[in-house]
$ cat final_1.txt   # compact mmCIF, C-alpha atoms (C1' of nucleotides)
# COMPACT_ATOMS: atom_id res chain seq x y z
CA MET A 1 0.00 0.00 0.00
CA LEU A 2 2.67 2.46 -0.95
CA HIS A 3 0.63 4.73 -3.07
CA ARG A 4 -2.87 6.09 -2.71
CA THR A 5 -2.25 6.64 0.97
CA TYR A 6 -1.52 9.79 2.89
CA GLU A 7 0.14 7.99 5.71
CA ASP A 8 1.79 10.93 7.41
CA GLN A 9 -1.37 12.91 7.94
CA ALA A 10 -3.13 12.92 11.29
CA CYS A 11 -6.24 14.25 9.66
CA SER A 12 -9.68 12.81 9.08
CA VAL A 13 -9.93 14.40 5.67
CA ALA A 14 -6.81 12.52 4.62
CA ARG A 15 -8.12 9.28 6.13
CA ALA A 16 -11.40 9.71 4.28
CA LEU A 17 -9.68 10.46 1.00
CA GLU A 18 -7.66 7.29 1.27
CA LEU A 19 -10.95 5.43 0.93
CA ILE A 20 -12.92 7.61 -1.43
CA GLY A 21 -10.36 9.95 -2.96
CA GLU A 22 -9.46 7.88 -5.96
CA ARG A 23 -10.70 8.65 -9.39
CA TRP A 24 -14.23 7.27 -9.94
CA THR A 25 -14.78 6.15 -6.38
CA LEU A 26 -17.00 8.96 -5.20
CA LEU A 27 -18.94 8.88 -8.45
CA ILE A 28 -19.73 5.24 -7.78
CA VAL A 29 -21.05 6.26 -4.38
CA ARG A 30 -23.10 9.04 -5.94
CA ASP A 31 -24.60 6.59 -8.43
CA ALA A 32 -25.40 4.26 -5.56
CA PHE A 33 -27.32 7.11 -3.89
CA LEU A 34 -29.28 7.52 -7.10
CA GLY A 35 -30.25 3.87 -7.06
CA VAL A 36 -27.69 2.19 -9.29
CA ARG A 37 -26.91 -1.30 -8.02
CA ARG A 38 -25.45 -3.45 -10.79
CA PHE A 39 -22.06 -3.78 -12.37
CA ASP A 40 -23.12 -3.05 -15.91
CA ASP A 41 -25.29 -0.13 -14.86
CA PHE A 42 -22.39 1.49 -13.04
CA GLN A 43 -20.20 0.85 -16.02
CA ARG A 44 -22.62 2.38 -18.49
CA SER A 45 -23.46 5.29 -16.25
CA LEU A 46 -19.86 6.21 -15.59
CA GLY A 47 -18.08 5.13 -18.75
CA VAL A 48 -15.27 3.77 -16.61
CA SER A 49 -13.30 0.77 -17.77
CA ARG A 50 -14.54 -2.53 -16.41
CA GLY A 51 -11.21 -3.36 -14.81
CA ILE A 52 -11.16 -0.15 -12.83
CA LEU A 53 -14.77 -0.62 -11.82
CA THR A 54 -13.97 -4.11 -10.50
CA ASP A 55 -11.12 -2.67 -8.50
CA ARG A 56 -13.16 0.20 -7.05
CA LEU A 57 -16.12 -1.93 -6.11
CA ALA A 58 -13.82 -4.38 -4.32
CA ARG A 59 -12.15 -1.54 -2.50
CA LEU A 60 -15.44 0.02 -1.45
CA ILE A 61 -16.61 -3.33 -0.14
CA GLU A 62 -13.38 -3.81 1.76
CA ALA A 63 -13.84 -0.35 3.23
CA GLY A 64 -17.35 -1.28 4.34
CA ILE A 65 -18.98 1.40 2.20
CA LEU A 66 -20.76 -0.99 -0.15
CA GLU A 67 -21.95 -4.52 0.33
CA ARG A 68 -22.37 -7.17 -2.30
CA ARG A 69 -25.58 -9.17 -2.30
CA LEU A 70 -26.51 -12.20 -4.27
CA TYR A 71 -29.86 -11.46 -5.84
CA HIS A 72 -29.93 -14.38 -8.22
CA GLU A 73 -28.32 -17.80 -8.06
CA ARG A 74 -27.30 -19.81 -11.09
CA PRO A 75 -25.79 -17.89 -12.63
CA PRO A 76 -24.71 -15.87 -9.62
CA ARG A 77 -25.70 -12.25 -9.95
CA TYR A 78 -24.78 -9.60 -7.48
CA GLU A 79 -25.87 -6.13 -6.60
CA TYR A 80 -24.00 -3.49 -4.73
CA ARG A 81 -25.68 -1.50 -2.01
CA LEU A 82 -24.58 1.20 0.35
CA THR A 83 -24.05 0.23 3.96
CA GLU A 84 -24.82 2.67 6.73
CA LYS A 85 -21.22 3.82 6.59
CA GLY A 86 -21.75 4.46 2.90
CA ARG A 87 -25.04 6.27 3.42
CA ASP A 88 -23.29 8.52 5.89
CA LEU A 89 -21.28 9.90 3.01
CA TRP A 90 -24.43 11.63 1.94
CA PRO A 91 -23.66 14.99 3.58
CA ALA A 92 -20.26 15.11 1.92
CA THR A 93 -21.76 14.23 -1.44
CA VAL A 94 -24.45 16.87 -1.03
CA ALA A 95 -21.88 19.49 -0.04
CA LEU A 96 -19.87 18.81 -3.18
CA ALA A 97 -22.97 18.87 -5.34
CA LYS A 98 -24.07 22.19 -3.86
CA TRP A 99 -20.66 23.70 -4.50
CA GLY A 100 -20.71 22.40 -8.05
CA ASP A 101 -24.22 23.78 -8.53
CA ARG A 102 -23.11 27.19 -7.36
CA TYR A 103 -19.93 27.56 -9.32
CA LEU A 104 -19.92 25.13 -12.19
CA ALA A 105 -23.51 24.69 -13.34
CA GLU A 106 -24.10 27.33 -15.96
CA ASP A 107 -27.65 26.32 -16.72
CA GLY A 108 -28.62 25.67 -13.14
CA PRO A 109 -28.42 22.47 -11.13
CA PRO A 110 -28.51 19.32 -13.25
CA ARG A 111 -30.32 17.56 -10.43
CA LEU A 112 -32.61 18.78 -7.69
CA PHE A 113 -32.83 17.36 -4.19
CA LEU A 114 -36.32 17.71 -2.82
CA HIS A 115 -37.98 17.01 0.49
CA ARG A 116 -40.21 14.10 -0.34
CA GLY A 117 -43.82 14.97 0.17
CA CYS A 118 -43.09 18.58 1.05
CA GLY A 119 -41.43 19.68 -2.17
CA GLY A 120 -38.98 22.08 -0.55
CA GLU A 121 -35.37 22.05 -1.63
CA LEU A 122 -32.49 20.66 0.35
CA THR A 123 -30.19 23.38 1.70
CA GLU A 124 -26.50 23.24 2.40
CA ARG A 125 -27.30 22.85 6.08
CA LEU A 126 -29.26 19.68 5.29
CA THR A 127 -32.56 21.31 6.09
CA CYS A 128 -35.66 21.85 3.98
CA SER A 129 -35.95 25.29 2.41
CA LYS A 130 -39.71 25.23 2.78
CA CYS A 131 -40.59 23.59 6.08
CA GLY A 132 -37.22 23.92 7.79
CA ALA A 133 -37.03 20.28 8.88
CA GLY A 134 -33.66 18.60 9.23
CA LEU A 135 -33.37 16.11 6.40
CA THR A 136 -31.56 12.82 5.95
CA VAL A 137 -30.95 10.80 2.84
CA HIS A 138 -34.20 8.93 3.48
CA ASP A 139 -36.32 12.07 3.21
CA ILE A 140 -35.06 13.04 -0.22
CA GLU A 141 -36.25 12.49 -3.72
CA THR A 142 -34.33 13.75 -6.71
CA LYS A 143 -35.36 14.83 -10.13
CA PRO A 144 -33.60 16.38 -13.11
CA GLY A 145 -33.04 20.12 -12.77
CA PRO A 146 -32.74 22.90 -15.34
CA GLY A 147 -29.12 22.00 -16.12
CA ALA A 148 -29.89 18.39 -16.96
CA ARG A 149 -28.81 17.39 -20.38
CA LEU A 150 -31.32 16.35 -22.96
CA ALA A 151 -30.83 12.72 -23.86
CA ALA A 152 -28.61 12.36 -26.93
CA MET B 153 -7.78 17.38 -21.41
CA LEU B 154 -8.43 13.76 -22.10
CA HIS B 155 -7.96 12.40 -18.65
CA ARG B 156 -8.95 13.70 -15.27
CA THR B 157 -12.29 14.75 -16.68
CA TYR B 158 -15.67 13.14 -16.40
CA GLU B 159 -17.00 14.75 -19.49
CA ASP B 160 -20.09 12.66 -19.99
CA GLN B 161 -21.60 13.37 -16.61
CA ALA B 162 -24.32 15.98 -16.22
CA CYS B 163 -23.68 16.08 -12.51
CA SER B 164 -22.35 18.73 -10.20
CA VAL B 165 -20.43 16.19 -8.16
CA ALA B 166 -18.54 15.15 -11.28
CA ARG B 167 -17.94 18.79 -12.23
CA ALA B 168 -16.60 19.49 -8.75
CA LEU B 169 -14.37 16.44 -8.76
CA GLU B 170 -12.81 17.53 -12.02
CA LEU B 171 -11.41 20.49 -10.11
CA ILE B 172 -10.68 19.05 -6.69
CA GLY B 173 -10.81 15.29 -7.18
CA GLU B 174 -7.19 14.69 -7.98
CA ARG B 175 -4.79 13.27 -5.51
CA TRP B 176 -3.48 15.97 -3.12
CA THR B 177 -5.77 18.72 -4.31
CA LEU B 178 -8.30 18.69 -1.50
CA LEU B 179 -5.54 18.30 1.05
CA ILE B 180 -4.01 21.50 -0.25
CA VAL B 181 -7.36 23.20 0.25
CA ARG B 182 -7.62 21.76 3.75
CA ASP B 183 -4.15 23.09 4.58
CA ALA B 184 -5.17 26.46 3.23
CA PHE B 185 -8.13 26.46 5.64
CA LEU B 186 -5.69 25.78 8.44
CA GLY B 187 -3.62 28.79 7.48
CA VAL B 188 -0.88 27.39 5.27
CA ARG B 189 0.04 29.89 2.57
CA ARG B 190 3.52 29.17 1.23
CA PHE B 191 4.94 26.69 -1.21
CA ASP B 192 7.46 25.13 1.11
CA ASP B 193 4.97 24.93 3.96
CA PHE B 194 2.50 23.05 1.78
CA GLN B 195 5.28 20.80 0.64
CA ARG B 196 6.47 19.99 4.13
CA SER B 197 2.98 19.60 5.51
CA LEU B 198 1.85 17.22 2.79
CA GLY B 199 5.03 15.41 1.82
CA VAL B 200 4.00 15.74 -1.81
CA SER B 201 6.64 16.04 -4.50
CA ARG B 202 7.42 19.60 -5.50
CA GLY B 203 6.54 19.00 -9.12
CA ILE B 204 3.06 17.79 -8.26
CA LEU B 205 2.56 20.66 -5.85
CA THR B 206 3.46 23.14 -8.59
CA ASP B 207 0.94 21.49 -10.87
CA ARG B 208 -1.85 21.43 -8.28
CA LEU B 209 -1.36 25.02 -7.17
CA ALA B 210 -1.48 26.17 -10.78
CA ARG B 211 -4.61 24.19 -11.38
CA LEU B 212 -6.31 25.53 -8.26
CA ILE B 213 -5.46 29.07 -9.32
CA GLU B 214 -6.79 28.45 -12.80
CA ALA B 215 -9.97 27.10 -11.22
CA GLY B 216 -10.31 30.26 -9.14
CA ILE B 217 -10.04 28.39 -5.85
CA LEU B 218 -6.71 29.87 -4.80
CA GLU B 219 -5.08 33.15 -5.68
CA ARG B 220 -1.40 33.91 -5.77
CA ARG B 221 -0.22 37.09 -4.12
CA LEU B 222 3.15 38.72 -4.20
CA TYR B 223 4.10 39.39 -0.63
CA HIS B 224 7.73 40.25 -1.26
CA GLU B 225 9.46 41.68 -4.31
CA ARG B 226 13.05 40.98 -5.22
CA PRO B 227 13.21 38.13 -5.01
CA PRO B 228 9.56 37.59 -5.80
CA ARG B 229 7.82 35.56 -3.12
CA TYR B 230 4.26 34.44 -3.35
CA GLU B 231 1.61 33.19 -1.06
CA TYR B 232 -1.49 31.21 -1.90
CA ARG B 233 -4.82 32.15 -0.43
CA LEU B 234 -8.31 30.84 -0.78
CA THR B 235 -10.73 32.89 -2.81
CA GLU B 236 -14.38 33.03 -1.89
CA LYS B 237 -14.97 30.12 -4.25
CA GLY B 238 -12.30 28.26 -2.34
CA ARG B 239 -13.70 29.17 1.06
CA ASP B 240 -17.05 27.85 -0.08
CA LEU B 241 -15.49 24.40 -0.15
CA TRP B 242 -15.56 24.54 3.59
CA PRO B 243 -18.84 22.63 4.04
CA ALA B 244 -17.58 19.82 1.84
CA THR B 245 -14.30 19.67 3.73
CA VAL B 246 -16.10 19.62 7.05
CA ALA B 247 -18.45 16.88 5.87
CA LEU B 248 -15.53 14.68 4.89
CA ALA B 249 -13.73 15.39 8.14
CA LYS B 250 -16.83 14.49 10.15
CA TRP B 251 -17.22 11.24 8.28
CA GLY B 252 -13.56 10.45 8.83
CA ASP B 253 -13.89 11.30 12.50
CA ARG B 254 -16.83 8.95 12.86
CA TYR B 255 -15.49 5.95 11.04
CA LEU B 256 -11.74 6.21 10.79
CA ALA B 257 -10.49 8.00 13.88
CA GLU B 258 -9.83 5.32 16.46
CA ASP B 259 -8.55 7.66 19.12
CA GLY B 260 -11.11 10.36 18.47
CA PRO B 261 -10.95 13.34 16.15
CA PRO B 262 -7.41 14.51 15.39
CA ARG B 263 -8.69 18.05 15.15
CA LEU B 264 -11.61 19.84 16.75
CA PHE B 265 -13.66 22.59 15.16
CA LEU B 266 -14.94 24.99 17.76
CA HIS B 267 -17.23 27.97 17.73
CA ARG B 268 -14.84 30.81 18.44
CA GLY B 269 -15.71 32.53 21.66
CA CYS B 270 -18.50 30.10 22.49
CA GLY B 271 -16.50 26.91 22.68
CA GLY B 272 -19.26 24.66 21.30
CA GLU B 273 -18.40 22.10 18.67
CA LEU B 274 -19.28 22.33 15.02
CA THR B 275 -21.97 19.84 14.01
CA GLU B 276 -22.53 18.16 10.68
CA ARG B 277 -25.32 20.62 9.99
CA LEU B 278 -22.83 23.49 10.35
CA THR B 279 -24.36 24.68 13.58
CA CYS B 280 -22.89 25.09 17.05
CA SER B 281 -23.55 22.20 19.42
CA LYS B 282 -23.78 24.56 22.35
CA CYS B 283 -25.54 27.73 21.27
CA GLY B 284 -27.20 26.41 18.11
CA ALA B 285 -26.01 29.24 15.88
CA GLY B 286 -25.38 28.61 12.20
CA LEU B 287 -21.64 28.76 11.66
CA THR B 288 -19.42 29.71 8.76
CA VAL B 289 -15.71 29.24 8.27
CA HIS B 290 -15.14 32.65 9.85
CA ASP B 291 -16.66 31.63 13.17
CA ILE B 292 -14.43 28.63 13.68
CA GLU B 293 -11.21 28.02 15.49
CA THR B 294 -9.51 24.66 15.45
CA LYS B 295 -7.31 22.89 17.89
CA PRO B 296 -5.76 19.44 18.13
CA GLY B 297 -8.18 16.78 19.34
CA PRO B 298 -7.68 13.52 21.22
CA GLY B 299 -6.59 11.68 18.07
CA ALA B 300 -3.82 14.14 17.24
CA ARG B 301 -0.44 12.57 16.96
CA LEU B 302 2.31 13.47 19.36
CA ALA B 303 5.09 15.20 17.52
CA ALA B 304 7.78 12.75 16.45
C1' DG C 305 -31.70 -26.56 -30.77
C1' DC C 306 -29.26 -22.55 -31.83
C1' DA C 307 -28.21 -17.69 -31.86
C1' DA C 308 -28.39 -13.47 -29.49
C1' DG C 309 -28.33 -11.05 -25.45
C1' DA C 310 -27.75 -9.92 -20.40
C1' DG C 311 -24.82 -10.02 -16.44
C1' DG C 312 -20.40 -10.04 -14.40
C1' DG C 313 -16.32 -10.29 -14.84
C1' DT C 314 -10.58 -10.96 -16.47
C1' DT C 315 -6.67 -9.96 -19.39
C1' DC C 316 -3.84 -7.25 -22.43
C1' DG C 317 -0.65 -3.43 -24.39
C1' DA C 318 -0.22 1.54 -24.71
C1' DT C 319 -0.42 5.75 -22.41
C1' DC C 320 -0.69 8.82 -18.45
C1' DA C 321 0.38 10.41 -13.70
C1' DT C 322 3.16 10.25 -9.66
C1' DA C 323 7.16 9.82 -6.52
C1' DG C 324 11.50 11.11 -5.17
C1' DA C 325 15.62 13.11 -5.86
C1' DA C 326 18.58 16.33 -7.89
C1' DC C 327 19.30 20.70 -9.66
C1' DC C 328 18.74 25.91 -10.31
C1' DC C 329 18.44 30.81 -9.17
C1' DA C 330 17.92 35.13 -6.28
C1' DC C 331 18.56 37.10 -2.24
C1' DC C 332 19.77 37.62 2.90
C1' DG C 333 22.56 37.46 7.13
C1' DG C 334 26.86 36.74 9.38
C1' DC D 335 31.80 33.79 0.73
C1' DC D 336 28.99 30.24 2.95
C1' DG D 337 24.85 28.45 4.35
C1' DG D 338 19.96 29.05 4.54
C1' DT D 339 15.26 30.30 2.72
C1' DG D 340 11.81 30.51 -0.82
C1' DG D 341 10.06 28.89 -5.05
C1' DG D 342 10.53 26.53 -8.44
C1' DT D 343 12.11 22.94 -12.87
C1' DT D 344 13.85 18.65 -14.66
C1' DC D 345 14.87 13.80 -14.63
C1' DT D 346 13.83 8.57 -14.56
C1' DA D 347 11.41 4.63 -12.66
C1' DT D 348 7.29 2.94 -11.36
C1' DG D 349 2.46 2.80 -10.76
C1' DA D 350 -2.34 3.62 -12.41
C1' DT D 351 -5.62 4.00 -16.05
C1' DC D 352 -7.81 3.44 -20.61
C1' DG D 353 -10.05 0.89 -24.10
C1' DA D 354 -10.72 -3.10 -26.30
C1' DA D 355 -11.06 -7.86 -26.54
C1' DC D 356 -12.14 -12.01 -24.49
C1' DC D 357 -14.63 -15.53 -21.35
C1' DC D 358 -18.34 -18.00 -19.02
C1' DT D 359 -23.21 -18.90 -17.64
C1' DC D 360 -27.67 -18.76 -18.09
C1' DT D 361 -32.29 -17.04 -20.46
C1' DT D 362 -35.19 -15.83 -24.21
C1' DG D 363 -36.93 -15.81 -28.90
C1' DC D 364 -37.67 -18.31 -33.06
$ encode --input "final_1.txt" --output "structure tokens"
Amino acid sequence: MLHRTYEDQACSVARALELIGERWTLLIVRDAFLGVRRFDDFQRSLGVSRGILTDRLARLIEAGILERRLYHERPPRYEYRLTEKGRDLWPATVALAKWGDRYLAEDGPPRLFLHRGCGGELTERLTCSKCGAGLTVHDIETKPGPGARLAA
Amino acid sequence: MLHRTYEDQACSVARALELIGERWTLLIVRDAFLGVRRFDDFQRSLGVSRGILTDRLARLIEAGILERRLYHERPPRYEYRLTEKGRDLWPATVALAKWGDRYLAEDGPPRLFLHRGCGGELTERLTCSKCGAGLTVHDIETKPGPGARLAA
DNA sequence: GCAAGAGGGTTCGATCATAGAACCCACCGG
DNA sequence: CCGGTGGGTTCTATGATCGAACCCTCTTGC
């Protein structure tokens, strides 16, 4: 484990980035939040090479962020789901998305995070813009925003 | 710009990671939040090779996250400071640190984020655990926590 | 009963990025 | 005139990634 570590850092950001700081890794987690569960779906969604995807999924499982479940025997078929540890990456993912929305989304957010049932938007403080409730990943539904691309 | 992009993704997380998703980049930003400003200080703090640091600083400046200021002429000496765009990465940095504290810090958080003057701790919702106020990067002071390493 | 497709991978060579060390230059202080 | 500080650049070896091809096991349609 010589590379991809930041071994000299007594810092939780560095520790976290050792697990999710590699290229593609956090995008896999984001896709998992959006409901992607299968190898080929991740691969198509991300456009990553299959070898790298195999590596990243294995690493996320080893880190306890994803778990692999058999959903069909003979032939064995697996799906990948977030563990609680993985779901707890939600605030970090949201924070990055909000920053990207603010500075990098010319046409507005490509995806909206809404308080399910209420319709208010998720704020950076993880509250609802309309009713003010504190929100968790379970209270959210997403839909394409103004910056979403039209399908090609 | 063939690599290090995620060009097919209509997603603000992907857009953000194109700027800060490379190895070392977010750690440079974290150091900047902690007050590091000079080339050699970043280099010593991170242990990154000087060539990579040059590349990352240039890229962060191009992205508008850092700015380079002359603080001494003849010989020219520069310091690197966060712009507002850079300071707005604070919630994302905090979210990652909190996640790392929860799951990866065996001896407790290596660094504490405290409400300056009040002494309460920063929560994941960016509020003060003691007085409940909403906090920004300007209201925070940090100090070593229980998981901090003793100097070697 | 045979071909095509879905699902989940592994393997390969070519290219890219990174690490680590050495080197460079301008100035300062003693 | 020697060493130290600040801020870089350049070098080679090694590691990571890309993209494409390949493999195997079922299932479905015809």
$ atom_distance --input "final_1.txt" --atom1 "atom CA of A:Val29" --atom2 "atom CA of A:Gly86"
7.5 Å
$ closest_atom_pairs --input "final_1.txt" --of "chain C" --to "chain A" --cutoff "9 Å" --atoms "all atoms listed in the file" --output "tab-separated table"
residue	atom	partner	partner_atom	distance
C:DG311	C1'	A:Arg77	CA	6.9
C:DG312	C1'	A:Phe39	CA	6.8
C:DG313	C1'	A:Thr54	CA	7.9
C:DT314	C1'	A:Gly51	CA	7.8
C:DT322	C1'	A:His3	CA	9.0
C:DA323	C1'	A:His3	CA	9.0
$ interface_residues --input "final_1.txt" --of "chain A" --to "chain B" --cutoff "9 Å" --atoms "all atoms listed in the file" --output "MDAnalysis selection string"
chainID A and resid 4 6 8:17 21:24 26:27 30 45:47 85 88:105 109:111 124:127 134 147:149
$ write_last_selection --input "final_1.txt" --atoms "C-alpha atoms" --output "PDB file, in the frame of the given file"
ATOM      1  CA  ARG A   4      -2.870   6.090  -2.710  1.00  0.00           C
ATOM      2  CA  TYR A   6      -1.520   9.790   2.890  1.00  0.00           C
ATOM      3  CA  ASP A   8       1.790  10.930   7.410  1.00  0.00           C
ATOM      4  CA  GLN A   9      -1.370  12.910   7.940  1.00  0.00           C
ATOM      5  CA  ALA A  10      -3.130  12.920  11.290  1.00  0.00           C
ATOM      6  CA  CYS A  11      -6.240  14.250   9.660  1.00  0.00           C
ATOM      7  CA  SER A  12      -9.680  12.810   9.080  1.00  0.00           C
ATOM      8  CA  VAL A  13      -9.930  14.400   5.670  1.00  0.00           C
ATOM      9  CA  ALA A  14      -6.810  12.520   4.620  1.00  0.00           C
ATOM     10  CA  ARG A  15      -8.120   9.280   6.130  1.00  0.00           C
ATOM     11  CA  ALA A  16     -11.400   9.710   4.280  1.00  0.00           C
ATOM     12  CA  LEU A  17      -9.680  10.460   1.000  1.00  0.00           C
ATOM     13  CA  GLY A  21     -10.360   9.950  -2.960  1.00  0.00           C
ATOM     14  CA  GLU A  22      -9.460   7.880  -5.960  1.00  0.00           C
ATOM     15  CA  ARG A  23     -10.700   8.650  -9.390  1.00  0.00           C
ATOM     16  CA  TRP A  24     -14.230   7.270  -9.940  1.00  0.00           C
ATOM     17  CA  LEU A  26     -17.000   8.960  -5.200  1.00  0.00           C
ATOM     18  CA  LEU A  27     -18.940   8.880  -8.450  1.00  0.00           C
ATOM     19  CA  ARG A  30     -23.100   9.040  -5.940  1.00  0.00           C
ATOM     20  CA  SER A  45     -23.460   5.290 -16.250  1.00  0.00           C
ATOM     21  CA  LEU A  46     -19.860   6.210 -15.590  1.00  0.00           C
ATOM     22  CA  GLY A  47     -18.080   5.130 -18.750  1.00  0.00           C
ATOM     23  CA  LYS A  85     -21.220   3.820   6.590  1.00  0.00           C
ATOM     24  CA  ASP A  88     -23.290   8.520   5.890  1.00  0.00           C
ATOM     25  CA  LEU A  89     -21.280   9.900   3.010  1.00  0.00           C
ATOM     26  CA  TRP A  90     -24.430  11.630   1.940  1.00  0.00           C
ATOM     27  CA  PRO A  91     -23.660  14.990   3.580  1.00  0.00           C
ATOM     28  CA  ALA A  92     -20.260  15.110   1.920  1.00  0.00           C
ATOM     29  CA  THR A  93     -21.760  14.230  -1.440  1.00  0.00           C
ATOM     30  CA  VAL A  94     -24.450  16.870  -1.030  1.00  0.00           C
ATOM     31  CA  ALA A  95     -21.880  19.490  -0.040  1.00  0.00           C
ATOM     32  CA  LEU A  96     -19.870  18.810  -3.180  1.00  0.00           C
ATOM     33  CA  ALA A  97     -22.970  18.870  -5.340  1.00  0.00           C
ATOM     34  CA  LYS A  98     -24.070  22.190  -3.860  1.00  0.00           C
ATOM     35  CA  TRP A  99     -20.660  23.700  -4.500  1.00  0.00           C
ATOM     36  CA  GLY A 100     -20.710  22.400  -8.050  1.00  0.00           C
ATOM     37  CA  ASP A 101     -24.220  23.780  -8.530  1.00  0.00           C
ATOM     38  CA  ARG A 102     -23.110  27.190  -7.360  1.00  0.00           C
ATOM     39  CA  TYR A 103     -19.930  27.560  -9.320  1.00  0.00           C
ATOM     40  CA  LEU A 104     -19.920  25.130 -12.190  1.00  0.00           C
ATOM     41  CA  ALA A 105     -23.510  24.690 -13.340  1.00  0.00           C
ATOM     42  CA  PRO A 109     -28.420  22.470 -11.130  1.00  0.00           C
ATOM     43  CA  PRO A 110     -28.510  19.320 -13.250  1.00  0.00           C
ATOM     44  CA  ARG A 111     -30.320  17.560 -10.430  1.00  0.00           C
ATOM     45  CA  GLU A 124     -26.500  23.240   2.400  1.00  0.00           C
ATOM     46  CA  ARG A 125     -27.300  22.850   6.080  1.00  0.00           C
ATOM     47  CA  LEU A 126     -29.260  19.680   5.290  1.00  0.00           C
ATOM     48  CA  THR A 127     -32.560  21.310   6.090  1.00  0.00           C
ATOM     49  CA  GLY A 134     -33.660  18.600   9.230  1.00  0.00           C
ATOM     50  CA  GLY A 147     -29.120  22.000 -16.120  1.00  0.00           C
ATOM     51  CA  ALA A 148     -29.890  18.390 -16.960  1.00  0.00           C
ATOM     52  CA  ARG A 149     -28.810  17.390 -20.380  1.00  0.00           C
TER      53      ARG A 149
END
$ atom_distance --input "final_1.txt" --atom1 "atom C1' of C:DA325" --atom2 "atom CA of B:Arg196"
15.2 Å
$ interface_residues --input "final_1.txt" --of "chain D" --to "chain B" --cutoff "9 Å" --atoms "all atoms listed in the file" --output "PyMOL selection string"
chain D and resi 340-343
$ write_last_selection --input "final_1.txt" --atoms "C-alpha atoms (C1' of nucleotides)" --output "PDB file, keeping the file's coordinate frame"
ATOM      1  C1'  DG D 340      11.810  30.510  -0.820  1.00  0.00           C
ATOM      2  C1'  DG D 341      10.060  28.890  -5.050  1.00  0.00           C
ATOM      3  C1'  DG D 342      10.530  26.530  -8.440  1.00  0.00           C
ATOM      4  C1'  DT D 343      12.110  22.940 -12.870  1.00  0.00           C
TER       5       DT D 343
END
$ atom_distance --input "final_1.txt" --atom1 "atom CA of A:Tyr80" --atom2 "atom CA of A:Thr123"
28.3 Å
$ build_atoms --input "final_1.txt" --residues "stretch 16-30 of chain A" --atoms "N, CA and C atoms" --output "compact mmCIF listing (two decimals), in the coordinates of the input"
# COMPACT_ATOMS: atom_id res chain seq x y z
N ALA A 16 -10.23 9.92 5.13
CA ALA A 16 -11.40 9.71 4.28
C ALA A 16 -11.00 9.62 2.81
N LEU A 17 -10.08 10.46 2.41
CA LEU A 17 -9.68 10.46 1.00
C LEU A 17 -8.91 9.21 0.62
N GLU A 18 -8.30 8.57 1.59
CA GLU A 18 -7.66 7.29 1.27
C GLU A 18 -8.69 6.27 0.81
N LEU A 19 -9.91 6.38 1.32
CA LEU A 19 -10.95 5.43 0.93
C LEU A 19 -11.75 5.89 -0.28
N ILE A 20 -12.03 7.16 -0.35
CA ILE A 20 -12.92 7.61 -1.43
C ILE A 20 -12.30 8.67 -2.33
N GLY A 21 -10.98 8.87 -2.21
CA GLY A 21 -10.36 9.95 -2.96
C GLY A 21 -9.83 9.53 -4.32
N GLU A 22 -9.98 8.27 -4.66
CA GLU A 22 -9.46 7.88 -5.96
C GLU A 22 -10.43 8.25 -7.06
N ARG A 23 -9.88 8.37 -8.23
CA ARG A 23 -10.70 8.65 -9.39
C ARG A 23 -11.81 7.61 -9.48
N TRP A 24 -13.02 8.07 -9.76
CA TRP A 24 -14.23 7.27 -9.94
C TRP A 24 -14.92 6.87 -8.64
N THR A 25 -14.18 6.76 -7.56
CA THR A 25 -14.78 6.15 -6.38
C THR A 25 -15.99 6.91 -5.88
N LEU A 26 -15.88 8.21 -5.74
CA LEU A 26 -17.00 8.96 -5.20
C LEU A 26 -18.17 9.02 -6.19
N LEU A 27 -17.86 8.90 -7.47
CA LEU A 27 -18.94 8.88 -8.45
C LEU A 27 -19.72 7.57 -8.37
N ILE A 28 -19.03 6.50 -8.01
CA ILE A 28 -19.73 5.24 -7.78
C ILE A 28 -20.69 5.39 -6.60
N VAL A 29 -20.21 6.03 -5.55
CA VAL A 29 -21.05 6.26 -4.38
C VAL A 29 -22.25 7.13 -4.75
N ARG A 30 -21.99 8.19 -5.52
CA ARG A 30 -23.10 9.04 -5.94
C ARG A 30 -24.13 8.24 -6.73
